[in-house]
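Colleague: mmCIF, C-alpha atoms, saved as data-v5.cif, coming up:
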```
data_start
#
loop_
_atom_site.label_atom_id
_atom_site.label_comp_id
_atom_site.auth_asym_id
_atom_site.auth_seq_id
_atom_site.Cartn_x
_atom_site.Cartn_y
_atom_site.Cartn_z
CA MET A 1495 -2.19 65.77 44.64
CA LYS A 1496 -1.19 64.29 41.28
CA HIS A 1497 2.40 63.74 42.42
CA GLN A 1498 1.19 62.27 45.71
CA GLY A 1499 -0.95 59.74 43.83
CA ILE A 1500 2.02 58.74 41.66
CA LEU A 1501 4.23 58.29 44.74
CA GLN A 1502 1.60 56.10 46.41
CA SER A 1503 1.35 53.95 43.27
CA ILE A 1504 5.13 53.53 43.17
CA LEU A 1505 5.15 52.65 46.89
CA HIS A 1506 2.41 50.05 46.45
CA TYR A 1507 4.22 48.50 43.46
CA ASP A 1508 7.48 48.35 45.43
CA LEU A 1509 5.70 46.59 48.31
CA PHE A 1510 4.20 44.16 45.79
CA LEU A 1511 7.62 43.30 44.37
CA ASN A 1512 9.18 42.78 47.79
CA LYS A 1513 6.33 40.77 49.29
CA THR A 1514 7.15 37.19 50.28
CA TRP A 1515 4.63 35.04 48.47
CA THR A 1516 3.38 31.71 49.78
CA MET A 1517 2.82 29.04 47.17
CA ALA A 1518 -0.85 28.06 47.01
CA TYR A 1519 0.14 24.61 45.69
CA LYS A 1520 3.07 22.48 46.69
CA ARG A 1521 3.88 19.06 45.31
CA MET A 1522 5.19 16.89 48.10
CA GLU A 1523 6.97 13.56 47.87
CA HIS A 1524 7.03 11.26 50.88
CA TYR A 1525 9.22 8.20 51.25
CA ASP A 1526 9.01 5.63 54.03
CA GLU A 1527 12.12 6.20 56.14
CA ASP A 1528 12.62 2.55 57.17
CA VAL A 1529 12.12 1.25 53.63
CA THR A 1530 14.44 3.92 52.25
CA ASN A 1531 17.22 3.11 54.72
CA ASP A 1532 16.97 -0.64 54.04
CA LEU A 1533 17.06 -0.06 50.28
CA ILE A 1534 20.07 2.26 50.61
CA LYS A 1535 22.00 -0.51 52.38
CA THR A 1536 20.96 -3.05 49.75
CA TYR A 1537 21.90 -0.88 46.76
CA ARG A 1538 25.16 0.17 48.37
CA HIS A 1539 26.08 -3.48 48.78
CA ALA A 1540 25.01 -4.21 45.17
CA ILE A 1541 27.32 -1.46 43.90
CA GLN A 1542 30.20 -3.09 45.79
CA LEU A 1543 29.32 -6.54 44.41
CA ILE A 1544 29.59 -5.39 40.78
CA GLY A 1545 33.09 -4.06 41.47
CA GLU A 1546 32.43 -0.35 41.98
CA ASN A 1547 33.35 1.93 44.85
CA PRO A 1548 30.24 3.37 46.58
CA GLU A 1549 32.48 6.01 48.17
CA ARG A 1550 33.35 7.48 44.78
CA GLU A 1551 31.99 11.01 44.37
CA GLY A 1552 29.62 10.15 41.55
CA LEU A 1553 28.19 7.17 43.44
CA LEU A 1554 28.07 8.59 46.94
CA LYS A 1555 24.36 9.43 46.87
CA THR A 1556 23.36 6.89 44.23
CA PRO A 1557 21.97 4.32 46.72
CA GLU A 1558 19.66 6.97 48.20
CA ARG A 1559 18.55 8.21 44.79
CA LEU A 1560 17.89 4.65 43.64
CA ALA A 1561 16.01 3.82 46.84
CA LYS A 1562 13.67 6.77 46.27
CA ALA A 1563 13.36 6.09 42.54
CA MET A 1564 12.33 2.49 43.18
CA GLN A 1565 9.65 3.58 45.64
CA TYR A 1566 8.37 6.12 43.13
CA CYS A 1567 8.32 3.62 40.27
CA THR A 1568 6.38 1.10 42.38
CA GLN A 1569 3.97 3.51 44.07
CA GLY A 1570 1.05 1.68 42.46
CA TYR A 1571 1.10 -0.91 45.24
CA GLY A 1572 -0.26 1.73 47.60
CA LEU A 1573 -2.99 2.95 45.23
CA ASP A 1574 -6.49 1.64 44.48
CA ALA A 1575 -7.63 1.93 40.86
CA LYS A 1576 -11.27 1.22 41.69
CA ALA A 1577 -11.32 3.95 44.34
CA ILE A 1578 -9.84 6.39 41.83
CA LEU A 1579 -12.44 5.53 39.19
CA ASN A 1580 -15.23 5.80 41.76
CA SER A 1581 -14.01 9.20 42.95
CA ALA A 1582 -15.33 10.81 39.76
CA LYS A 1583 -18.23 8.52 38.86
CA PHE A 1584 -21.23 10.27 37.35
CA HIS A 1585 -24.63 9.12 36.13
CA GLU A 1586 -25.10 9.82 32.42
CA ASP A 1587 -27.77 8.35 30.18
CA ILE A 1588 -25.49 7.71 27.22
CA SER A 1589 -24.32 4.54 25.53
CA GLU A 1590 -21.85 5.74 22.92
CA MET A 1591 -18.22 4.64 22.83
CA ILE A 1592 -15.76 6.71 24.88
CA VAL A 1593 -12.11 6.43 23.82
CA VAL A 1594 -9.01 7.78 25.55
CA LYS A 1595 -5.91 6.94 23.55
CA ASN A 1596 -2.17 7.53 23.65
CA ILE A 1597 -1.96 7.38 27.45
CA GLU A 1598 1.76 7.28 28.24
CA LEU A 1599 2.81 4.51 30.59
CA TYR A 1600 6.06 3.56 32.28
CA SER A 1601 6.52 0.29 34.11
CA LEU A 1602 9.15 -2.20 35.28
CA CYS A 1603 9.41 -5.71 33.86
CA GLU A 1604 9.13 -8.09 36.81
CA HIS A 1605 11.58 -10.55 35.24
CA HIS A 1606 14.59 -8.22 34.94
CA MET A 1607 13.34 -5.04 36.67
CA LEU A 1608 14.16 -3.05 33.55
CA PRO A 1609 11.70 -0.46 32.20
CA PHE A 1610 9.11 -0.94 29.53
CA PHE A 1611 7.21 2.04 28.22
CA GLY A 1612 4.61 2.92 25.64
CA LYS A 1613 0.99 3.91 25.25
CA ALA A 1614 -2.37 2.57 26.38
CA HIS A 1615 -5.61 3.01 24.46
CA ILE A 1616 -8.85 2.57 26.41
CA ALA A 1617 -12.49 2.52 25.37
CA TYR A 1618 -15.73 1.70 27.13
CA ILE A 1619 -19.44 1.91 26.34
CA PRO A 1620 -21.34 3.36 29.33
CA ASN A 1621 -24.28 1.62 30.89
CA GLY A 1622 -25.57 4.55 32.94
CA TRP A 1623 -22.26 5.61 34.48
CA ILE A 1624 -19.14 7.41 33.28
CA THR A 1625 -15.91 8.37 35.04
CA GLY A 1626 -13.61 11.38 34.72
CA LEU A 1627 -11.30 11.05 31.72
CA SER A 1628 -8.21 11.67 33.84
CA LYS A 1629 -9.24 8.82 36.14
CA LEU A 1630 -8.75 6.36 33.28
CA ALA A 1631 -5.18 7.61 32.87
CA ARG A 1632 -4.63 7.40 36.63
CA ALA A 1633 -5.93 3.82 36.64
CA VAL A 1634 -3.30 2.98 34.04
CA ASP A 1635 -0.60 4.43 36.31
CA VAL A 1636 -1.85 2.47 39.33
CA PHE A 1637 -1.13 -0.83 37.61
CA ALA A 1638 1.87 0.34 35.57
CA ARG A 1639 3.72 1.62 38.65
CA ARG A 1640 4.37 -1.92 39.86
CA LEU A 1641 6.56 -4.85 38.86
CA GLN A 1642 4.61 -6.01 35.84
CA VAL A 1643 4.25 -7.99 32.67
CA GLN A 1644 2.44 -6.24 29.86
CA GLU A 1645 -0.06 -9.06 29.44
CA ARG A 1646 -1.31 -8.80 33.04
CA LEU A 1647 -1.21 -5.00 33.00
CA THR A 1648 -3.64 -4.99 30.07
CA THR A 1649 -6.21 -7.23 31.75
CA GLU A 1650 -5.92 -5.51 35.14
CA ILE A 1651 -6.86 -2.16 33.61
CA LEU A 1652 -9.84 -3.75 31.84
CA GLN A 1653 -11.07 -5.54 34.96
CA ALA A 1654 -10.90 -2.39 37.11
CA ILE A 1655 -13.04 -0.43 34.64
CA GLN A 1656 -15.47 -3.30 34.17
CA GLU A 1657 -15.96 -3.89 37.90
CA THR A 1658 -16.29 -0.20 38.75
CA LEU A 1659 -18.53 1.14 35.97
CA ASN A 1660 -20.25 -2.07 34.82
CA PRO A 1661 -20.26 -0.76 31.23
CA LEU A 1662 -21.63 -2.54 28.18
CA GLY A 1663 -18.07 -3.26 27.12
CA VAL A 1664 -14.42 -2.38 27.68
CA ALA A 1665 -11.41 -2.45 25.36
CA VAL A 1666 -7.74 -1.96 26.25
CA VAL A 1667 -4.77 -2.04 23.88
CA ILE A 1668 -1.17 -1.43 24.99
CA GLU A 1669 1.83 -0.88 22.73
CA ALA A 1670 5.19 -0.89 24.50
CA GLU A 1671 8.93 -1.20 24.07
CA HIS A 1672 10.82 -3.38 26.55
CA LEU A 1673 14.40 -2.60 27.53
CA CYS A 1674 14.85 -6.20 28.65
CA MET A 1675 14.65 -7.07 24.92
CA MET A 1676 16.52 -4.01 23.68
CA MET A 1677 19.57 -3.46 25.91
CA ARG A 1678 20.26 -7.08 26.91
CA GLY A 1679 19.50 -10.61 25.80
CA VAL A 1680 18.20 -10.73 22.25
CA GLN A 1681 18.88 -6.96 21.78
CA LYS A 1682 16.16 -6.24 19.22
CA GLN A 1683 16.01 -2.46 19.10
CA ASN A 1684 12.92 -2.06 16.94
CA SER A 1685 10.62 -4.57 18.61
CA VAL A 1686 7.24 -3.37 19.87
CA THR A 1687 4.85 -5.55 21.89
CA THR A 1688 1.09 -5.12 21.47
CA THR A 1689 -1.42 -6.65 23.88
CA SER A 1690 -5.19 -6.34 23.91
CA ALA A 1691 -8.16 -7.24 26.07
CA PHE A 1692 -11.85 -6.98 25.20
CA CYS A 1693 -15.11 -7.74 26.93
CA GLY A 1694 -18.83 -7.20 26.38
CA GLU A 1695 -19.76 -5.34 23.20
CA PHE A 1696 -16.13 -5.23 22.12
CA GLU A 1697 -16.20 -8.97 21.57
CA LYS A 1698 -18.30 -8.16 18.49
CA GLN A 1699 -16.15 -7.63 15.43
CA THR A 1700 -17.94 -4.46 14.25
CA THR A 1701 -17.51 -2.71 17.62
CA ARG A 1702 -13.90 -3.82 17.89
CA ASN A 1703 -13.19 -2.58 14.37
CA GLU A 1704 -14.64 0.85 15.23
CA PHE A 1705 -12.35 1.05 18.26
CA ILE A 1706 -9.27 0.03 16.28
CA SER A 1707 -10.16 2.57 13.60
CA LEU A 1708 -10.47 5.36 16.19
CA ILE A 1709 -7.14 4.65 17.90
CA ASN A 1710 -5.41 4.59 14.52
CA ALA A 1711 -7.06 7.81 13.31
CA ASP A 1712 -5.20 11.12 13.56
CA LEU A 1713 -8.21 13.36 14.20
CA ILE A 1714 -6.30 16.16 15.91
CA LYS A 1715 -3.57 17.60 13.71
CA ARG A 1716 -0.70 18.76 15.91
CA GLN A 1717 1.99 21.07 14.59
#
```
Could you quickly redo this structure as structure tokens?
Modeller:
Amino acid sequence: MKHQGILQSILHYDLFLNKTWTMAYKRMEHYDEDVTNDLIKTYRHAIQLIGENPEREGLLKTPERLAKAMQYCTQGYGLDAKAILNSAKFHEDISEMIVVKNIELYSLCEHHMLPFFGKAHIAYIPNGWITGLSKLARAVDVFARRLQVQERLTTEILQAIQETLNPLGVAVVIEAEHLCMMMRGVQKQNSVTTTSAFCGEFEKQTTRNEFISLINADLIKRQ
């Protein structure tokens, strides 16, 4: 009986190892076929215009990759920041400052279509309603994943939070590096652009100073 139990355990383990598992979660990417095909033609022609051979092995699939990359980098046009913020909107009777800082962002300068990237710092003071912390980061992505200028990006994030949550105040600060200034033109490698937008309670100097102090503080020591 003891040997039979061992054999059954081995058999069950062997079946476990050889079972075909179905992923419970799959991340899917969908690209509009007509848009993709039109972009492929455009980028293929652009490669020819700069003097390259689109039939060269290394460039053969570049127009398709670029067509998909451009759709991915501008996916914000099909997203609604207010709907995202509202999807996790909860009633809470608190009125203390909530800060989410160091939110990575990646965008495309609308003047040269070169990337700019950096971090966003967001704060708001609730007036009866809060939203999920991740929704603030997603709202940043909605506006960043478009052709942008940093100045407008900053105010769009603020306006979406203000109009959705109606808080006592909102603050947004963005620090970013722009490749249009670094790899072309003036070529200033160490330049960083900072933009800010404040409304409500954050127009008061004491509240604004508290926010600035919090985003500059290193409260969590990472190894």
Colleague: Step by step, work through what the PyMOL selection byres ((chain A and resi 1641) around 6) selects in the shown file, and finish by giving those residues as an NGL selection string.
Modeller: :A and (1602-1604 or 1640 or 1642)
Colleague: Between A:Thr1530, A:Ser1690, A:Asn1596, A:Gln1565, single out the one closest to A:Leu1708, counting only C-alpha atoms.
Modeller: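 Closest residue, counting only C-alpha atoms: A:Asn1596.
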Colleague: When distances are computed from only C-alpha atoms, which of A:Gly1612, A:Gly1622, A:Gly1545, A:Gly1694 shows the smallest separation from A:Leu1652?
Modeller: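 Ranked by minimum distance to A:Leu1652, first place goes to A:Gly1694.
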Colleague: Evaluating the PyMOL selection byres ((chain A and resi 1668-1673) around 7) on the displayed file yields which residues, as an NGL selection string?
Modeller: :A and (1608-1615 or 1648 or 1666-1667 or 1674-1677 or 1685-1690)
Colleague: If the PyMOL selection byres ((chain A and resi 1634) around 9) is run on the structure shown, which residues does it catch, given as an NGL selection string?
Modeller: :A and (1575 or 1597-1599 or 1614 or 1629-1633 or 1635-1639 or 1647-1648 or 1650-1651)
Colleague: Provide the atom CA of A:Val1664 to atom CA of A:Lys1715 distance in Å, to one decimal place.
Modeller: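 So the answer is 26.7 Å.
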Colleague: Provide the atom CA of A:Glu1586 to atom CA of A:Leu1573 distance in Å, to one decimal place.
Modeller: 26.5 Å
Colleague: Find the residue from A:Arg1521, A:Ile1544, A:Pro1620, A:Gln1569 that sits nearest to A:Asp1587; use all atoms listed in the file when measuring.
Modeller: A:Pro1620
Colleague: Looking at all atoms listed in the file, which of A:Arg1678, A:Tyr1618, A:His1539, A:Lys1562 is the one that sits closest to A:Glu1523?
Modeller: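 Among the listed residues, A:Lys1562 lies closest to A:Glu1523.
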Colleague: Choose the residue, out of A:Gly1679, A:Gly1572, A:Thr1701, A:Val1643, that has the smallest atom-to-atom separation from A:Met1607; count all atoms listed in the file.
Modeller: A:Val1643
Colleague: Can you tell me how far atom CA of A:Ile1534 sits from atom CA of A:His1606, in Å to one decimal?
Modeller: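 Pair atom CA of A:Ile1534 / atom CA of A:His1606 returns 19.6 Å.
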Colleague: Could N, CA and C atoms be built for stretch 1621-1632 of chain A and written out as a PDB file, keeping the file's coordinate frame?
Modeller:
```pdb
ATOM      1  N   ASN A1621     -22.994   2.262  30.609  1.00  0.00           N
ATOM      2  CA  ASN A1621     -24.280   1.620  30.890  1.00  0.00           C
ATOM      3  C   ASN A1621     -24.952   2.367  32.037  1.00  0.00           C
ATOM      4  N   GLY A1622     -24.971   3.714  31.904  1.00  0.00           N
ATOM      5  CA  GLY A1622     -25.570   4.550  32.940  1.00  0.00           C
ATOM      6  C   GLY A1622     -24.567   5.334  33.754  1.00  0.00           C
ATOM      7  N   TRP A1623     -23.278   4.934  33.672  1.00  0.00           N
ATOM      8  CA  TRP A1623     -22.260   5.610  34.480  1.00  0.00           C
ATOM      9  C   TRP A1623     -21.016   5.904  33.628  1.00  0.00           C
ATOM     10  N   ILE A1624     -20.431   7.070  33.892  1.00  0.00           N
ATOM     11  CA  ILE A1624     -19.140   7.410  33.280  1.00  0.00           C
ATOM     12  C   ILE A1624     -18.181   7.797  34.404  1.00  0.00           C
ATOM     13  N   THR A1625     -16.910   7.905  34.074  1.00  0.00           N
ATOM     14  CA  THR A1625     -15.910   8.370  35.040  1.00  0.00           C
ATOM     15  C   THR A1625     -15.104   9.495  34.406  1.00  0.00           C
ATOM     16  N   GLY A1626     -14.437  10.292  35.228  1.00  0.00           N
ATOM     17  CA  GLY A1626     -13.610  11.380  34.720  1.00  0.00           C
ATOM     18  C   GLY A1626     -12.531  10.824  33.786  1.00  0.00           C
ATOM     19  N   LEU A1627     -12.271  11.533  32.699  1.00  0.00           N
ATOM     20  CA  LEU A1627     -11.300  11.050  31.720  1.00  0.00           C
ATOM     21  C   LEU A1627      -9.920  10.857  32.340  1.00  0.00           C
ATOM     22  N   SER A1628      -9.532  11.779  33.222  1.00  0.00           N
ATOM     23  CA  SER A1628      -8.210  11.670  33.840  1.00  0.00           C
ATOM     24  C   SER A1628      -8.111  10.450  34.752  1.00  0.00           C
ATOM     25  N   LYS A1629      -9.262   9.982  35.249  1.00  0.00           N
ATOM     26  CA  LYS A1629      -9.240   8.820  36.140  1.00  0.00           C
ATOM     27  C   LYS A1629      -8.854   7.549  35.377  1.00  0.00           C
ATOM     28  N   LEU A1630      -9.179   7.500  34.087  1.00  0.00           N
ATOM     29  CA  LEU A1630      -8.750   6.360  33.280  1.00  0.00           C
ATOM     30  C   LEU A1630      -7.231   6.332  33.168  1.00  0.00           C
ATOM     31  N   ALA A1631      -6.647   7.525  32.944  1.00  0.00           N
ATOM     32  CA  ALA A1631      -5.180   7.610  32.870  1.00  0.00           C
ATOM     33  C   ALA A1631      -4.543   7.270  34.213  1.00  0.00           C
ATOM     34  N   ARG A1632      -5.167   7.715  35.293  1.00  0.00           N
ATOM     35  CA  ARG A1632      -4.630   7.400  36.630  1.00  0.00           C
ATOM     36  C   ARG A1632      -4.734   5.903  36.921  1.00  0.00           C
TER      37      ARG A1632
END
```
